[in-house]
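Notes for the one structure printed next.
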Amino acid sequence: MPKRGAPPLEADMLQGTLDLLILQTLLPGPAHGHTIAYVIEHRSDEVLQIEHGSLYPALHRLHNRGWISSEWGPSENNRKARFYRLTAAGRKQLLRQTSRWEELVRAVNRVLKPVKE
Amino acid sequence: MSWKRFFQRSKTLQESASELEAYLQAETEENLQRGLSPEEARRAARMKLGNVTNILEEISREDAFGLLETLWQDVRFGIRMLLKHRGFAIVSLVTLALGIGANTAIFTVVDATLIRALPYGNGNRLVMAWERRLPDGEQQNVTSPATFLAWQRENSVFEQMAAIYNDSSILTGGDTPEQVATASVSPNFFAVLGVNAAMGRTFVASEDGRVDSNRVAMLSFDVWQRRFASNPNVLGSQIMMDDKPFTVVGVLPRGFQFFVKQGSFSQKRPEIWVAMNFSPADRNRHGRYLQSIGLLRPGVSLAQAQSAMLNLASQLEAQDPATMKNWSVNSVPLRSQMVGSVAEGLRLLLAAVGLVLLIACANVATLNLARASARKHELAVRMALGAGTARVVRQVLTESIVLAIAGGLAGFAVGLAALKVLKSMAPPDLVPMESLHLDFRVFAFAAGISLLTGLLFGTLPAIEAARTAPREPLQEGATAVVGRERNGIARRALVMTEVAIALVLLMGSGLLIRSFQRLMAVDPGFRSQGLLTAWVQFPNARYTNDAQKAQFFGQILRSLRARPGVQSASADGFLPFAGIIAATGVDAEGMPKLPESQKPVVDVSLVEPGFFETMGIPLISGRTFEEREAFAATGNVVISQSMARLLWPGQNPIGKHVTIYMKRENKPSTVVGVVGDVRHSGLAATSHPTAYWSYPELGFPFMTLVIRSDGDPRRLIPEVRQAVLEVDKNQPLADVVPMDTLLSTSVARSRFATQAMAIFAALALLLAVTGIYGVVSYDVGQRTREIGIRMALGAQRASVVRLFLKKGIATTGAGIVLGMVASLGLTQLLTRVLYDTRPNDPMIYLLVGATIGFVGLCAGYLAVQRISRIEPMRILRSD
């Protein structure tokens, strides 16, 4: 649940950002959709709320691009679930996007915090 | 997306659905653990997931990404962007449309005239054989039956040779008698061309060419439709031409025509073809009136044919030096013959319109470059938000393609319209205009070039931007003041080139206009205003003796002169600006008598009394013909000034004698008057020495009436018809034309070339000006911040304006200099089409340079007007 006082950000506001977050979540190991959403929400202190309506299409997109692979398997409570795994291409893409993101953040920060007067 | 995935779509969807179901179950279970009731747990899970159908749709949309749907998305986005940047879109569109349209239209004409095969089976092996008159350099003189038959018999290079004589006959038998253009051809003519009859047969040498053959005729498709109502029974029937019966043996294919203007007696496209057969007397005649065409033997080149014919000519000269000395032979491929001087003009127009296309391309390139650097920022933002490089480039590409397709369609429309204008503008003898259709190959070529330019200059910068994005452009906010953009130089170079090309075209157009003015200022030797002309030809058999013929024309003239509105009326055998004139050798009193082929040559015509007065040809000395000389051959002759100079330089020619060899028996004629020179065959032509006999001397079956009216000559047309019909109700009147029209038709080609060139030059100027405007206004737009800061720091608006204007002027100036240098060489190409105008006329250079400079300055000035709308404070606050 979102914290009070801090309105939740919709992570799909930036399409590329959601992709980046999903890839990052899959870095330690395979996970299914529910877990991915849960992890992103918790890691961001629930500032980033994952809209499931965009999570699944995003997974599908990454899958189509060959950045993640999927397989069906039993979930923690022994249900059938689709597990996603980062591929080698996905790993490369993650590195590339991360560094680009950092550049962007630095750039935006420079704009937001000009040289001290 | 691969095709496999496309077909496995339903399977993928099922998987996604079960994945979502799995999610719902997991969430429900979690909610159950939190202590919710089963229904509530399920409901909450559903609410968290949202609309399953929507999600599935979203997923399948992800699948479709990559092909059609992204494309459609891109197209829509592209159109939105273009609508947003209307200025850019409209200018690009107009540029593309004009460039593509003009090229398509002109190239269609060029293709039909210069490139497409002649519409005859043997098109490429057909060669016209002319005699060449050495003394006065006439390159394409008609030949005589004797010479033609000798060529036909003794040449070694042509499979066959045929002779042609264009005439005009009166076709009777219908409701109204009609004057039709005819051609008398040797029976093998259609075999030489390689043309078959659409119905019936063509002429056959063994049947139709003999002295005792029946008279036979072939109809053109048009005449068959118009005059014979497409009746197939016309085959084998008899038609009456010039009061003689002809048997129709065939109808020619639709669209067939064969007309060589040079040396044609009627100067009209033949509509009925009759088989020529020489009588034994004809076979030895040396009077020249035949055109001749040969079919080269396979493998024989034009050069071989020409040298073989030259050999033959010298043999013939050795056999009969009296008639053949000073005559040579000239072989001209039929295509060159038909295209003639048109080729040069058309090539010029083609070059001009190609240059227009070049400018159009440069303009599209400039626009795209400007736009690409303007949208660097936009692209950077989109890429920062996760759009892939390929995706961004593809978007830009789609936009360029949308624009190019729209431009292509507009170009097609412009091409159609331009072709219509060309058809109405071009002189009828320029190209077979009725058979012109928009050429799709050419359209594809022009459109392709423009497309390519758009794509190249639209996409390269996009790729460049995509590579550097997003860091650089996003920082631009901070650096724009000192930022340089590299494309500036490329754009300036392009605009400079545009200006240079436009200048070259303007120069060409200026020269042509100057030359046309000079041509129109030429005095033809008579006053054309208020003159009406009417060609009258009666069947040879109708009036048998000379008195009847003289009476026929005498009565018509008497009737005309009595009518209101007619100041004076007369007639001429060979009217100036209406075609050919007879020419022959003469012996002058006081000069040694030379052999026939070495005598001085003069033009000869027959006139009725009052001719010189009606035409406004000045009388220099002596007198003109009197009324009595219209009815009796008196042996008097009126000569032109140049003939007087030729025969009796520095002497008084009145009363002198000259023998003009045109009759069976030639007696010396007495010079009674000298009149001014007339340019018979065109304003640009020189005037030939001319002798005028009174009508009865030769009694032609044809004359051209000339009537001077005291108002608009057209008003007299019904009067003329009436006057002729009163004398003979079976006498049709073919061409009733004001003299001014003849004059204007004679310069139609020059006028056409001048007009077309002027249009292209104006187009080029317009496009170049757009380029100048674009580049300056873009500069201003890019540097709005800089300008704002400068002005905030106290710079005067005027000085900022000057700064930007200076750049525009520099670009324009460089273009002008480049264009001038190029013109020095390129205008030389015009030398041969210019009349009395030097290609390096400094006045034209000055005028054109000043025009472009001024217009360029105006464009620049309009563009910097934006500066006055810049408010420094607003710009500073916006940061």
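Following the order of the structure tokens, chains are lettered A, B, ..., residues in each are numbered from 1, and ligands are numbered from 1.
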(request) Using only C-alpha atoms, find which residues of chain A lie within 9 Å of chain B and jot them down as a ChimeraX atom specification. (result) /A:14-17,19,32-34,51-54,56-61,64-65,75,77,79-82,97,100-101,103-104,107-108,111
(message) Could you pull out the alpha helix (DSSP H) residues of chain A, going by DSSP on the backbone, and write them as a PyMOL selection string?
(response) chain A and resi 15-26+33-43+52-64+88-112
(request) Identify which of the residues B:Ser605, B:Ser301, B:Gln33, B:Thr453 lies closest to Ala365 (chain B), counting only C-alpha atoms when measuring atom-to-atom distances. (result)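 Ranking B:Ser605, B:Ser301, B:Gln33, B:Thr453 by distance to Ala365 (chain B), first place goes to B:Thr453.
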Give me, as a PDB file with C-alpha atoms, in the first residue's frame, all polymer residues having an atom no more than 8 Å from region 248-257 of chain B, counting only C-alpha atoms and skipping those fewer than 5 positions away in the same chain.
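And here is the file that came out, selection_29.pdb:
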```
ATOM      1  CA  PRO B 119       5.532   4.540 -85.807  1.00  0.00           C
ATOM      2  CA  ASN B 196      -0.027  -2.164 -93.858  1.00  0.00           C
ATOM      3  CA  ALA B 197      -3.591  -1.181 -94.601  1.00  0.00           C
ATOM      4  CA  ALA B 198      -6.131  -1.432 -91.790  1.00  0.00           C
ATOM      5  CA  MET B 199      -8.692  -2.440 -94.437  1.00  0.00           C
ATOM      6  CA  GLY B 200      -8.192  -3.449 -98.025  1.00  0.00           C
ATOM      7  CA  ARG B 201      -4.676  -3.205 -99.409  1.00  0.00           C
ATOM      8  CA  THR B 202      -1.877  -0.725 -99.881  1.00  0.00           C
ATOM      9  CA  PHE B 203      -0.540   0.122-103.329  1.00  0.00           C
ATOM     10  CA  VAL B 216      -6.246   4.295-107.050  1.00  0.00           C
ATOM     11  CA  ALA B 217      -6.470   5.935-103.621  1.00  0.00           C
ATOM     12  CA  MET B 218      -6.085   5.043 -99.960  1.00  0.00           C
ATOM     13  CA  LEU B 219      -7.986   6.874 -97.250  1.00  0.00           C
ATOM     14  CA  SER B 220      -6.619   7.932 -93.904  1.00  0.00           C
ATOM     15  CA  PHE B 221      -8.638   6.547 -91.020  1.00  0.00           C
ATOM     16  CA  ASP B 222      -9.877  10.060 -90.173  1.00  0.00           C
ATOM     17  CA  TRP B 224     -12.833   7.362 -93.770  1.00  0.00           C
ATOM     18  CA  VAL B 234     -16.081   2.294 -99.559  1.00  0.00           C
ATOM     19  CA  LEU B 235     -13.462  -0.282-100.595  1.00  0.00           C
ATOM     20  CA  GLY B 236     -13.663  -0.739-104.332  1.00  0.00           C
ATOM     21  CA  SER B 237     -15.915   2.285-104.766  1.00  0.00           C
ATOM     22  CA  GLN B 238     -15.027   5.379-106.723  1.00  0.00           C
ATOM     23  CA  ILE B 239     -14.432   8.832-105.299  1.00  0.00           C
ATOM     24  CA  ARG B 269      -0.764  16.574 -93.585  1.00  0.00           C
ATOM     25  CA  PRO B 270      -2.129  14.353 -96.368  1.00  0.00           C
TER      26      PRO B 270
END
```
(message) Please return, as a VMD selection string, all residues of region 146-236 of chain B that DSSP assigns to strand (DSSP E or B) on the basis of the backbone.
(response) chain B and resid 158 to 172 178 to 185 199 to 200 216 to 219
(message) Calculated over only C-alpha atoms, which of the candidates B:Ala447, B:Val127, B:Ala426, B:Leu369 has the smallest distance to Leu302 (chain B)?
(response)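 Of B:Ala447, B:Val127, B:Ala426, B:Leu369, the one nearest Leu302 (chain B) is B:Val127, counting only C-alpha atoms.
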(message) Give me the residues near region 674-682 of chain B as a PyMOL selection string, where near means some atom within 8 Å (using only C-alpha atoms) and where sequence neighbours in that chain fewer than 5 positions away do not count.
(response) chain B and resi 524-526+575-580+612+617-623+638-642+644+653-654+687-690+743+746-747
(message) Between CA of Leu357 (chain B) and CA of Ala446 (chain B), what is the distance in Å, rounded to a tenth?
(response) 7.8 Å
(message) Using only C-alpha atoms, which protein or nucleic acid residues come within 10 Å of Gly90 (chain A)? Drop anything in the same chain fewer than 6 positions from it, and give the result as a VMD selection string.
(response) chain A and resid 20 23 to 24 26 to 27 62 to 63 65 to 69 96
(request) State, in Å with one decimal place, the distance from CA of Leu82 (chain B) to CA of Ala762 (chain B). (result) 27.0 Å
(request) Write out as an MDAnalysis selection string the residues lying within 7 Å of Gly771 (chain B), counting only C-alpha atoms and excluding same-chain residues fewer than 4 positions away. (result) chainID B and resid 363 495 767 775
Restricted to N, CA and C atoms, what would the selected residues look like written as a PDB file, in the first residue's frame?
```
ATOM      1  N   ASN B 363      16.022  22.152 -52.485  1.00  0.00           N
ATOM      2  CA  ASN B 363      15.095  22.775 -51.549  1.00  0.00           C
ATOM      3  C   ASN B 363      14.580  21.776 -50.528  1.00  0.00           C
ATOM      4  N   VAL B 495      21.508  26.247 -50.679  1.00  0.00           N
ATOM      5  CA  VAL B 495      20.763  27.437 -51.115  1.00  0.00           C
ATOM      6  C   VAL B 495      21.576  28.227 -52.127  1.00  0.00           C
ATOM      7  N   LEU B 767      11.503  28.839 -56.277  1.00  0.00           N
ATOM      8  CA  LEU B 767      12.051  27.809 -55.390  1.00  0.00           C
ATOM      9  C   LEU B 767      13.287  28.330 -54.669  1.00  0.00           C
ATOM     10  N   VAL B 775      16.256  29.423 -45.152  1.00  0.00           N
ATOM     11  CA  VAL B 775      17.520  29.304 -44.441  1.00  0.00           C
ATOM     12  C   VAL B 775      17.685  30.463 -43.461  1.00  0.00           C
TER      13      VAL B 775
END
```
Extract, using only C-alpha atoms, all DNA, RNA and protein residues at most 9 Å from region 40-42 of chain A, discarding same-chain residues fewer than 5 positions from it, and format them as a short mmCIF file (atom, residue, chain, number, x, y, z; two decimals) with N, CA and C atoms, in the first residue's frame.
```cif
data_model
loop_
_atom_site.label_atom_id
_atom_site.label_comp_id
_atom_site.auth_asym_id
_atom_site.auth_seq_id
_atom_site.Cartn_x
_atom_site.Cartn_y
_atom_site.Cartn_z
N MET A 1 0.84 -1.21 0.00
CA MET A 1 0.00 0.00 0.00
C MET A 1 0.87 1.25 0.00
N PRO A 2 0.43 2.29 -0.68
CA PRO A 2 1.28 3.49 -0.76
C PRO A 2 1.38 4.19 0.58
N LEU A 21 13.08 -1.34 -15.10
CA LEU A 21 12.82 -1.89 -13.76
C LEU A 21 12.58 -3.40 -13.83
N ILE A 22 11.85 -3.85 -14.81
CA ILE A 22 11.58 -5.29 -14.93
C ILE A 22 12.88 -6.05 -15.13
N THR A 25 14.78 -6.29 -11.97
CA THR A 25 14.17 -7.23 -11.02
C THR A 25 14.54 -8.67 -11.36
N THR A 35 5.35 -11.70 -8.74
CA THR A 35 6.54 -11.42 -7.94
C THR A 35 7.22 -10.15 -8.43
N VAL A 47 6.61 3.68 -3.66
CA VAL A 47 6.41 4.91 -4.41
C VAL A 47 5.98 4.56 -5.84
N LEU A 48 6.58 3.52 -6.38
CA LEU A 48 6.24 3.08 -7.74
C LEU A 48 5.17 2.01 -7.64
N GLN A 49 4.00 2.32 -8.12
CA GLN A 49 2.91 1.33 -8.14
C GLN A 49 2.83 0.73 -9.53
N ILE A 50 2.91 -0.58 -9.59
CA ILE A 50 2.86 -1.20 -10.90
C ILE A 50 1.42 -1.45 -11.30
#
```
(request) For CA of Thr104 (chain B) and CA of Ala406 (chain B), quote the distance in Å rounded to one decimal. (result)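 CA of Ala406 (chain B) lies 16.0 Å from CA of Thr104 (chain B).
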